$ cat model.tsv   # TSV, C-alpha atoms
chain	number	residue	atom	x	y	z
A	24	MET	CA	24.26	-5.69	81.01
A	25	SER	CA	20.83	-4.69	79.74
A	26	GLU	CA	19.64	-6.58	76.65
A	27	THR	CA	17.61	-3.60	75.46
A	28	PRO	CA	19.34	-0.23	75.90
A	29	TRP	CA	17.22	2.28	77.77
A	30	LEU	CA	18.92	5.17	75.96
A	31	THR	CA	19.04	5.75	72.22
A	32	ILE	CA	21.24	8.59	71.00
A	33	VAL	CA	19.68	9.79	67.76
A	34	GLY	CA	21.77	11.87	65.40
A	35	LEU	CA	19.75	14.64	63.80
A	36	GLY	CA	20.50	16.83	60.79
A	37	GLU	CA	19.08	20.13	59.63
A	38	ASP	CA	16.61	18.20	57.44
A	39	GLY	CA	14.86	16.99	60.59
A	40	PRO	CA	12.72	13.85	60.31
A	41	ASP	CA	13.36	13.56	56.54
A	42	GLY	CA	16.95	12.53	57.14
A	43	LEU	CA	16.27	9.92	59.83
A	44	SER	CA	16.52	6.19	59.30
A	45	PRO	CA	13.57	3.84	60.02
A	46	ALA	CA	15.35	2.77	63.22
A	47	SER	CA	15.53	6.38	64.42
A	48	HIS	CA	11.87	6.95	63.62
A	49	GLN	CA	10.96	3.83	65.58
A	50	ALA	CA	13.08	4.92	68.56
A	51	LEU	CA	11.30	8.27	68.64
A	52	LYS	CA	7.91	6.57	68.35
A	53	ASP	CA	8.67	4.20	71.26
A	54	ALA	CA	10.26	6.82	73.50
A	55	GLU	CA	8.73	7.96	76.76
A	56	ILE	CA	11.09	10.94	76.95
A	57	VAL	CA	12.96	12.84	74.25
A	58	MET	CA	15.68	15.17	75.50
A	59	GLY	CA	17.58	17.60	73.33
A	60	ALA	CA	18.59	21.18	72.69
A	61	GLU	CA	15.85	23.65	71.79
A	62	ARG	CA	17.02	23.71	68.17
A	63	HIS	CA	16.89	19.93	67.89
A	64	LEU	CA	13.44	19.69	69.43
A	65	SER	CA	12.15	22.35	67.05
A	66	LEU	CA	13.19	20.16	64.11
A	67	LEU	CA	10.81	17.42	65.34
A	68	PRO	CA	7.47	19.20	65.94
A	69	ASP	CA	5.30	16.06	65.89
A	70	LEU	CA	6.79	14.19	68.86
A	71	SER	CA	4.29	12.35	71.06
A	72	ALA	CA	6.75	11.68	73.91
A	73	GLU	CA	7.44	14.00	76.82
A	74	THR	CA	10.12	16.48	75.71
A	75	VAL	CA	12.86	17.88	77.94
A	76	GLU	CA	14.99	20.79	76.78
A	77	TRP	CA	18.72	20.31	77.37
A	78	PRO	CA	20.05	23.11	79.60
A	79	VAL	CA	23.04	25.36	79.01
A	80	PRO	CA	25.82	24.65	79.82
A	81	PHE	CA	25.74	21.13	78.41
A	82	ALA	CA	27.19	19.50	81.54
A	83	ASP	CA	24.11	20.52	83.54
A	84	GLY	CA	21.97	18.16	81.50
A	85	VAL	CA	23.97	14.98	82.12
A	86	ASP	CA	22.52	14.23	85.55
A	87	ILE	CA	19.02	15.09	84.33
A	88	LEU	CA	19.32	12.53	81.55
A	89	LEU	CA	20.77	9.90	83.88
A	90	SER	CA	17.82	10.39	86.25
A	91	TYR	CA	15.61	8.78	83.57
A	92	ARG	CA	17.65	5.57	83.58
A	93	GLY	CA	15.36	2.57	83.15
A	94	ARG	CA	12.81	4.40	81.01
A	95	LYS	CA	12.75	4.55	77.21
A	96	VAL	CA	14.70	7.70	76.46
A	97	VAL	CA	15.96	9.33	73.26
A	98	MET	CA	18.76	11.86	73.41
A	99	LEU	CA	19.02	14.11	70.37
A	100	ALA	CA	22.46	15.10	69.09
A	101	SER	CA	23.81	16.78	65.98
A	102	GLY	CA	24.81	14.58	63.05
A	103	ASP	CA	27.13	11.81	64.16
A	104	PRO	CA	27.08	11.91	67.99
A	105	PHE	CA	30.58	10.45	68.15
A	106	TRP	CA	32.31	12.82	65.72
A	107	PHE	CA	32.94	15.95	67.81
A	108	GLY	CA	29.49	15.33	69.25
A	109	ALA	CA	27.71	14.85	72.55
A	110	GLY	CA	27.64	11.05	72.39
A	111	SER	CA	31.22	10.65	73.56
A	112	VAL	CA	30.47	12.77	76.64
A	113	MET	CA	27.46	10.68	77.62
A	114	ALA	CA	29.19	7.36	76.98
A	115	LYS	CA	31.62	8.14	79.82
A	116	HIS	CA	28.68	8.00	82.25
A	117	LEU	CA	27.13	4.79	80.92
A	118	ASP	CA	27.91	1.09	80.96
A	119	ALA	CA	28.15	-0.93	77.79
A	120	GLY	CA	24.70	-2.10	76.80
A	121	GLU	CA	22.88	0.89	78.31
A	122	TRP	CA	22.84	2.86	75.07
A	123	GLN	CA	22.79	2.62	71.32
A	124	ALA	CA	23.59	5.32	68.75
A	125	LEU	CA	21.89	5.99	65.43
A	126	PRO	CA	23.96	8.59	63.57
A	127	VAL	CA	23.32	10.59	60.42
A	128	PRO	CA	26.08	12.25	58.35
A	129	SER	CA	28.32	14.41	60.50
A	130	THR	CA	28.96	18.11	59.97
A	131	MET	CA	32.45	17.17	58.76
A	132	SER	CA	31.07	14.74	56.17
A	133	LEU	CA	28.54	17.29	54.92
A	134	ALA	CA	31.19	20.02	54.77
A	135	ALA	CA	33.68	17.86	52.89
A	136	ALA	CA	30.99	16.81	50.43
A	137	ALA	CA	29.91	20.42	49.88
A	138	LEU	CA	33.46	21.65	49.30
A	139	GLY	CA	34.73	18.62	47.40
A	140	TRP	CA	37.52	18.03	49.94
A	141	PRO	CA	38.81	14.49	50.59
A	142	LEU	CA	37.94	14.10	54.26
A	143	GLU	CA	40.84	11.74	54.99
A	144	LYS	CA	43.30	14.52	54.05
A	145	VAL	CA	41.66	17.32	56.04
A	146	LEU	CA	42.24	18.28	59.67
A	147	THR	CA	38.92	18.12	61.51
A	148	THR	CA	38.46	19.68	64.91
A	149	GLY	CA	35.87	21.21	67.22
A	150	LEU	CA	36.25	24.90	68.06
A	151	HIS	CA	32.75	25.39	69.47
A	152	ALA	CA	34.15	25.05	73.00
A	153	ALA	CA	37.91	25.27	72.47
A	154	PRO	CA	40.42	28.11	71.89
A	155	TYR	CA	41.40	28.96	68.33
A	156	ALA	CA	45.04	28.44	69.33
A	157	ARG	CA	44.35	24.72	69.03
A	158	LEU	CA	44.94	25.29	65.30
A	159	LYS	CA	48.42	26.80	65.81
A	160	PRO	CA	50.48	23.61	65.22
A	161	HIS	CA	48.45	22.88	62.07
A	162	LEU	CA	48.78	26.23	60.29
A	163	PHE	CA	50.87	26.02	57.13
A	164	PRO	CA	50.19	27.20	53.58
A	165	GLU	CA	47.74	25.02	51.61
A	166	ALA	CA	46.54	23.17	54.72
A	167	ARG	CA	42.81	22.47	54.80
A	168	ILE	CA	40.90	22.55	58.07
A	169	LEU	CA	37.26	21.86	58.91
A	170	ALA	CA	36.01	23.04	62.28
A	171	THR	CA	32.76	23.48	64.16
A	172	LEU	CA	32.18	26.93	65.67
A	173	ARG	CA	30.14	28.22	68.59
A	174	ASP	CA	27.98	30.64	66.58
A	175	GLY	CA	28.03	33.15	63.76
A	176	ASP	CA	29.99	35.75	65.75
A	177	ALA	CA	32.81	33.24	66.15
A	178	VAL	CA	33.62	33.52	62.43
A	179	ALA	CA	34.85	37.10	62.87
A	180	ASP	CA	36.72	36.16	66.03
A	181	LEU	CA	38.49	33.30	64.24
A	182	ALA	CA	39.30	35.55	61.28
A	183	SER	CA	40.89	38.12	63.60
A	184	TRP	CA	42.97	35.42	65.27
A	185	LEU	CA	44.20	34.12	61.89
A	186	CYS	CA	45.20	37.66	60.92
A	187	ARG	CA	47.16	38.12	64.16
A	188	GLU	CA	48.99	34.86	63.48
A	189	GLY	CA	49.99	36.02	59.99
A	190	PHE	CA	47.47	33.97	58.02
A	191	GLY	CA	45.09	36.75	56.98
A	192	PRO	CA	44.97	35.69	53.30
A	193	SER	CA	43.43	32.34	54.28
A	194	THR	CA	40.18	31.52	52.50
A	195	LEU	CA	37.21	30.92	54.79
A	196	HIS	CA	34.28	28.81	53.62
A	197	ILE	CA	31.43	29.75	55.95
A	198	LEU	CA	29.08	26.77	56.16
A	199	GLU	CA	25.63	27.49	57.59
A	200	ALA	CA	22.90	24.98	58.49
A	201	LEU	CA	24.44	22.25	56.34
A	202	GLY	CA	22.12	19.53	55.06
A	203	GLY	CA	18.86	21.40	55.50
A	204	PRO	CA	16.63	23.89	53.70
A	205	ARG	CA	18.53	26.84	55.22
A	206	GLN	CA	21.91	25.64	53.95
A	207	ARG	CA	24.16	28.44	52.76
A	208	ILE	CA	27.86	28.48	51.87
A	209	ARG	CA	29.73	31.75	51.51
A	210	ARG	CA	33.38	32.51	50.88
A	211	ALA	CA	35.65	35.25	52.20
A	212	THR	CA	39.23	35.80	53.31
A	213	ALA	CA	40.16	36.22	56.94
A	214	ASP	CA	41.51	39.72	56.24
A	215	GLY	CA	38.62	40.69	53.97
A	216	ASP	CA	34.96	41.62	54.36
A	217	LEU	CA	32.94	39.02	56.26
A	218	PRO	CA	29.17	38.46	56.19
A	219	THR	CA	27.31	40.35	58.91
A	220	TYR	CA	24.61	37.76	59.61
A	221	ILE	CA	25.59	34.11	59.88
A	222	GLN	CA	23.03	31.43	60.72
A	223	HIS	CA	23.47	28.83	63.43
A	224	PRO	CA	24.65	26.07	63.32
A	225	VAL	CA	27.84	27.15	61.63
A	226	SER	CA	31.07	25.41	60.72
A	227	ILE	CA	34.02	26.61	58.70
A	228	GLY	CA	36.43	25.36	56.08
A	229	ILE	CA	39.85	27.02	56.09
A	230	GLU	CA	42.30	26.99	53.22
A	231	VAL	CA	45.40	28.28	54.95
A	232	ALA	CA	47.48	30.99	53.28
A	233	GLY	CA	49.88	33.64	54.52
A	234	ASP	CA	53.39	34.09	55.82
A	235	GLY	CA	52.77	33.40	59.50
A	236	ALA	CA	55.19	31.31	61.54
A	237	VAL	CA	54.91	27.59	60.86
A	238	ILE	CA	55.84	25.27	63.73
A	239	PRO	CA	58.40	22.69	62.53
A	240	LEU	CA	57.63	19.00	62.91
A	241	SER	CA	60.93	17.89	64.44
A	242	SER	CA	61.90	18.17	68.09
A	243	GLY	CA	64.00	21.16	69.03
A	244	ARG	CA	61.73	23.91	67.75
A	245	PRO	CA	63.09	27.48	67.59
A	246	ASP	CA	63.67	29.11	70.96
A	247	HIS	CA	61.74	32.25	69.97
A	248	LEU	CA	58.47	30.29	69.97
A	249	PHE	CA	58.66	30.11	73.77
A	250	ASP	CA	58.43	33.30	75.78
A	251	ASN	CA	61.10	33.02	78.47
A	252	ASP	CA	63.31	34.92	80.89
A	253	GLY	CA	66.43	33.01	79.87
A	254	GLN	CA	65.41	29.90	81.82
A	255	ILE	CA	64.90	27.63	78.82
A	256	THR	CA	66.44	24.41	77.55
A	257	LYS	CA	68.00	25.69	74.33
A	258	ARG	CA	67.00	24.23	70.98
A	259	PRO	CA	69.89	21.76	70.32
A	260	VAL	CA	69.90	20.49	73.90
A	261	ARG	CA	66.10	20.28	73.87
A	262	ALA	CA	66.24	18.11	70.75
A	263	LEU	CA	68.71	15.73	72.42
A	264	THR	CA	66.67	15.74	75.63
A	265	LEU	CA	63.40	14.88	73.88
A	266	SER	CA	65.19	12.15	71.94
A	267	ALA	CA	66.29	10.64	75.25
A	268	LEU	CA	62.83	11.06	76.79
A	269	ALA	CA	61.40	9.23	73.73
A	270	PRO	CA	57.71	10.22	73.98
A	271	CYS	CA	55.24	7.51	72.97
A	272	PRO	CA	51.45	7.71	72.50
A	273	GLY	CA	49.47	7.89	75.72
A	274	GLU	CA	52.47	8.55	77.97
A	275	HIS	CA	52.74	11.05	80.82
A	276	LEU	CA	55.76	13.28	81.48
A	277	TRP	CA	56.93	14.97	84.65
A	278	ASP	CA	58.90	18.10	83.65
A	279	ILE	CA	60.60	19.14	86.89
A	280	GLY	CA	61.85	22.70	86.77
A	281	GLY	CA	59.58	23.69	83.90
A	282	GLY	CA	61.22	27.06	83.11
A	283	SER	CA	59.47	28.19	79.92
A	284	GLY	CA	57.57	24.92	79.48
A	285	SER	CA	59.37	24.13	76.22
A	286	ILE	CA	60.10	20.48	77.10
A	287	GLY	CA	56.53	19.74	78.20
A	288	ILE	CA	55.00	21.55	75.22
A	289	GLU	CA	57.19	19.72	72.72
A	290	TRP	CA	56.39	16.42	74.46
A	291	LEU	CA	52.68	17.16	73.94
A	292	TRP	CA	53.25	18.04	70.30
A	293	ALA	CA	54.68	14.55	69.75
A	294	HIS	CA	51.22	12.92	69.78
A	295	PRO	CA	47.64	14.01	70.62
A	296	THR	CA	47.36	11.41	73.41
A	297	THR	CA	50.49	12.38	75.36
A	298	ARG	CA	50.10	14.14	78.71
A	299	ALA	CA	52.50	16.28	80.73
A	300	THR	CA	52.84	17.95	84.11
A	301	ALA	CA	55.29	20.83	84.53
A	302	VAL	CA	56.46	21.59	88.07
A	303	GLU	CA	57.89	25.08	88.56
A	304	ILE	CA	58.79	26.74	91.87
A	305	ASN	CA	58.71	30.30	90.48
A	306	ALA	CA	55.11	31.55	90.24
A	307	GLU	CA	55.90	34.05	87.46
A	308	ARG	CA	57.52	31.32	85.37
A	309	ALA	CA	54.63	28.97	86.08
A	310	ASP	CA	52.24	31.60	84.69
A	311	ARG	CA	54.51	32.01	81.67
A	312	ILE	CA	54.36	28.25	81.05
A	313	ARG	CA	50.57	28.41	81.06
A	314	GLU	CA	50.62	31.37	78.67
A	315	ASN	CA	53.06	29.64	76.29
A	316	ALA	CA	50.94	26.50	76.28
A	317	ALA	CA	47.73	28.43	75.58
A	318	ARG	CA	49.30	30.54	72.83
A	319	LEU	CA	50.85	27.49	71.14
A	320	GLY	CA	47.66	25.44	71.12
A	321	VAL	CA	48.47	23.02	73.93
A	322	ASP	CA	45.48	22.65	76.25
A	323	ARG	CA	46.49	19.55	78.19
A	324	LEU	CA	49.61	20.74	80.03
A	325	ASN	CA	49.11	20.56	83.79
A	326	VAL	CA	51.22	23.22	85.53
A	327	VAL	CA	51.97	22.83	89.24
A	328	THR	CA	53.42	25.81	91.08
A	329	GLY	CA	55.64	24.55	93.87
A	330	ALA	CA	58.99	23.12	94.86
A	331	ALA	CA	59.91	19.60	93.89
A	332	PRO	CA	60.09	17.02	95.30
A	333	ASN	CA	57.20	17.99	97.63
A	334	ALA	CA	55.13	19.27	94.68
A	335	LEU	CA	55.25	15.79	93.13
A	336	GLU	CA	52.97	14.32	95.79
A	337	GLY	CA	49.64	13.18	94.41
A	338	LEU	CA	50.59	13.54	90.75
A	339	GLU	CA	49.60	10.92	88.21
A	340	GLN	CA	52.44	8.42	87.81
A	341	PRO	CA	54.82	9.28	84.95
A	342	ASP	CA	56.20	7.22	82.09
A	343	ALA	CA	59.12	9.64	81.74
A	344	VAL	CA	60.71	12.28	83.96
A	345	PHE	CA	62.90	15.22	83.01
A	346	ILE	CA	64.85	17.10	85.66
A	347	GLY	CA	66.07	20.33	84.15
A	348	GLY	CA	66.86	22.32	87.25
A	349	GLY	CA	67.48	22.03	90.96
A	350	ILE	CA	69.17	18.63	90.83
A	351	SER	CA	70.16	17.41	94.28
A	352	GLN	CA	70.75	14.16	96.08
A	353	GLU	CA	67.40	14.51	97.85
A	354	MET	CA	65.61	15.26	94.58
A	355	LEU	CA	67.03	12.16	92.86
A	356	GLU	CA	66.33	9.91	95.85
A	357	ILE	CA	62.68	10.96	96.14
A	358	VAL	CA	62.03	10.92	92.40
A	359	TRP	CA	63.66	7.50	92.03
A	360	ALA	CA	61.59	6.10	94.89
A	361	SER	CA	58.39	7.64	93.49
A	362	ILE	CA	58.50	6.40	89.91
A	363	PRO	CA	57.46	2.90	88.83
A	364	ASP	CA	59.82	0.41	87.22
A	365	GLY	CA	60.31	1.07	83.53
A	366	THR	CA	60.04	4.87	83.88
A	367	ARG	CA	62.58	6.76	81.78
A	368	LEU	CA	64.54	9.44	83.66
A	369	VAL	CA	66.57	12.16	81.96
A	370	ALA	CA	68.53	14.75	83.96
A	371	ASN	CA	70.68	17.61	82.65
A	372	ALA	CA	73.50	19.10	84.72
A	373	VAL	CA	75.47	22.31	84.18
A	374	THR	CA	77.49	22.73	87.39
A	375	LEU	CA	80.47	20.59	88.40
A	376	GLU	CA	78.65	19.52	91.56
A	377	ALA	CA	75.65	18.33	89.56
A	378	GLU	CA	77.94	16.51	87.12
A	379	VAL	CA	79.54	14.58	89.97
A	380	LEU	CA	76.10	13.74	91.35
A	381	LEU	CA	74.90	12.36	88.00
A	382	ALA	CA	78.16	10.45	87.49
A	383	ASN	CA	77.72	8.75	90.86
A	384	TRP	CA	74.10	7.87	90.15
A	385	GLN	CA	75.00	6.50	86.74
A	386	ALA	CA	77.69	4.32	88.29
A	387	ASP	CA	75.09	2.95	90.73
A	388	LYS	CA	71.93	2.74	88.58
A	389	GLY	CA	73.32	2.38	85.06
A	390	GLY	CA	72.07	4.20	82.01
A	391	ASP	CA	74.01	6.53	79.74
A	392	LEU	CA	76.04	9.65	80.38
A	393	LEU	CA	76.32	12.15	77.54
A	394	ARG	CA	78.46	15.27	77.57
A	395	ILE	CA	77.04	17.98	75.31
A	396	GLU	CA	79.48	20.70	74.22
A	397	LEU	CA	78.21	23.30	71.77
A	398	ALA	CA	79.84	26.31	70.21
A	399	GLN	CA	78.44	28.95	67.88
A	400	ALA	CA	80.25	31.24	65.46
A	401	HIS	CA	80.51	34.86	66.69
A	402	PRO	CA	82.26	37.97	65.38
A	403	LEU	CA	85.87	38.20	66.54
A	404	GLY	CA	87.14	41.57	65.42
A	405	ARG	CA	86.80	41.61	61.64
A	406	LYS	CA	86.68	37.82	61.53
A	407	ARG	CA	84.80	35.08	63.34
A	408	GLY	CA	85.51	32.66	66.14
A	409	TRP	CA	83.79	29.99	68.18
A	410	LYS	CA	81.98	30.94	71.39
A	411	SER	CA	81.34	27.92	73.55
A	412	SER	CA	78.32	27.41	75.76
A	413	TYR	CA	78.60	25.79	79.16
A	414	PRO	CA	78.92	22.03	78.66
A	415	ILE	CA	75.95	19.96	79.77
A	416	VAL	CA	76.07	16.44	81.16
A	417	GLN	CA	72.95	14.38	80.51
A	418	TRP	CA	72.09	11.19	82.34
A	419	SER	CA	69.38	9.00	80.85
A	420	VAL	CA	68.22	5.75	82.40
A	421	ALA	CA	65.21	3.45	82.62
A	422	LYS	CA	64.47	2.38	86.20
$ encode --input "model.tsv" --output "structure tokens"
Amino acid sequence: MSETPWLTIVGLGEDGPDGLSPASHQALKDAEIVMGAERHLSLLPDLSAETVEWPVPFADGVDILLSYRGRKVVMLASGDPFWFGAGSVMAKHLDAGEWQALPVPSTMSLAAAALGWPLEKVLTTGLHAAPYARLKPHLFPEARILATLRDGDAVADLASWLCREGFGPSTLHILEALGGPRQRIRRATADGDLPTYIQHPVSIGIEVAGDGAVIPLSSGRPDHLFDNDGQITKRPVRALTLSALAPCPGEHLWDIGGGSGSIGIEWLWAHPTTRATAVEINAERADRIRENAARLGVDRLNVVTGAAPNALEGLEQPDAVFIGGGISQEMLEIVWASIPDGTRLVANAVTLEAEVLLANWQADKGGDLLRIELAQAHPLGRKRGWKSSYPIVQWSVAK
């Protein structure tokens, strides 16, 4: 471990050198190389070090920066480099002790201060390189959201998306060049007239309003949220299945026979650190899973098109497995042999043959068998009667 880091990540605001700490000024004075985006470099016109402009896209600059390892280097980043900033990206490529960070107030802190919003009660997210659908699970009336945006044009794009989702009356606080002499804050509604020229950098504060669909918090969300061709684990059974799968932070799910992707998507909604892989043999359904995930704001669902169990080869080891279709003796044998001890396995059966298979496996491996019988009220002449669904047998076990 190096005693003196070769790299200093200096957070920079729109006020340029006026907002820097003495430590940041000293790092810039001592630097041999200062590397940053064109906008950042323009805020520091009196640098004596060699300057290197960071290329676009951002990833192309990582190797360039690393090539200066061993020299005194300053990397310029916006605000707090570790709050939706570039610092977290660079830290993945460095060992502890190679770098130090000197932040200034983040965009989120400046935005909250300007709007008078308690930051601890506001959703903060980065939309400068992410789809707007990431907001979908967080849209409900009176919610407050702070987000970074790519550029001024993105404000209109975001407003259009909010309108399509049924949240057109939402108030938008358009925050331009916060913390510097060009700072400007303007207000509009997503379905109203928007400013035509918006300065970069830009962020936005959203006060959500409208009658768009709100995604419930509990497992077993409405079936209509998931586009499907009938191949979907229905809402009550999905709630029981997710309860048995018991998602925990950081865990990875195999969803075998993904169908509409509803199980995997709800697993990912449980916590921002969960991960999931859906395996689906039907290519059209696999595409539908991807579309559902994108539309519902889930950008970490891995979809594998192929037949299990062969399609399971090479996948990251799971913490839980759901088998929702295509249960067979071969499937269970290969899955059981593939998963590590402690993995939770949940399998749902509809046919008599699959029921017998699960009953035999439960007798051998243990776990719980649950028979799920549901009936819904339907018109019966001028009155009503119960219409039963096919019963489902669910086996849940920890290996």
$ residues_around --input "model.tsv" --residues "A:Leu375" --least-positions-apart "5" --cutoff "10 Å" --atoms "all atoms listed in the file" --output "short mmCIF file (atom, residue, chain, number, x, y, z; two decimals) with C-alpha atoms, keeping the file's coordinate frame"
data_model
loop_
_atom_site.label_atom_id
_atom_site.label_comp_id
_atom_site.auth_asym_id
_atom_site.auth_seq_id
_atom_site.Cartn_x
_atom_site.Cartn_y
_atom_site.Cartn_z
CA LEU A 380 76.10 13.74 91.35
CA LEU A 381 74.90 12.36 88.00
CA PRO A 414 78.92 22.03 78.66
CA ILE A 415 75.95 19.96 79.77
CA VAL A 416 76.07 16.44 81.16
#
$ closest_residue --input "model.tsv" --among "A:His401, A:Lys52, A:Arg367, A:Arg187" --to "A:Ser71" --atoms "only C-alpha atoms"
A:Lys52
$ residues_near_point --input "model.tsv" --point "(54.3, 14.1, 71.2)" --cutoff "10 Å" --atoms "only C-alpha atoms" --output "compact mmCIF listing (two decimals) with C-alpha atoms, in the frame of the given file"
# COMPACT_ATOMS: atom_id res chain seq x y z
CA SER A 242 61.90 18.17 68.09
CA LEU A 265 63.40 14.88 73.88
CA ALA A 269 61.40 9.23 73.73
CA PRO A 270 57.71 10.22 73.98
CA CYS A 271 55.24 7.51 72.97
CA PRO A 272 51.45 7.71 72.50
CA GLY A 273 49.47 7.89 75.72
CA GLU A 274 52.47 8.55 77.97
CA GLY A 287 56.53 19.74 78.20
CA ILE A 288 55.00 21.55 75.22
CA GLU A 289 57.19 19.72 72.72
CA TRP A 290 56.39 16.42 74.46
CA LEU A 291 52.68 17.16 73.94
CA TRP A 292 53.25 18.04 70.30
CA ALA A 293 54.68 14.55 69.75
CA HIS A 294 51.22 12.92 69.78
CA PRO A 295 47.64 14.01 70.62
CA THR A 296 47.36 11.41 73.41
CA THR A 297 50.49 12.38 75.36
CA ARG A 298 50.10 14.14 78.71
CA ALA A 299 52.50 16.28 80.73
$ closest_residue --input "model.tsv" --among "A:Pro332, A:Gly110, A:Pro80, A:Pro192" --to "A:Met354" --atoms "all atoms listed in the file"
A:Pro332
$ closest_residue --input "model.tsv" --among "A:Glu143, A:Pro160, A:Ser351, A:Arg207" --to "A:Asn383" --atoms "all atoms listed in the file"
A:Ser351
$ closest_residue --input "model.tsv" --among "A:Leu324, A:Ala136, A:Val57, A:Ile286" --to "A:Leu268" --atoms "all atoms listed in the file"
A:Ile286
$ atom_distance --input "model.tsv" --atom1 "atom CA of A:Ile32" --atom2 "atom CA of A:Pro126"
7.9 Å
$ atom_distance --input "model.tsv" --atom1 "atom CA of A:Arg258" --atom2 "atom CA of A:Asp342"
23.0 Å
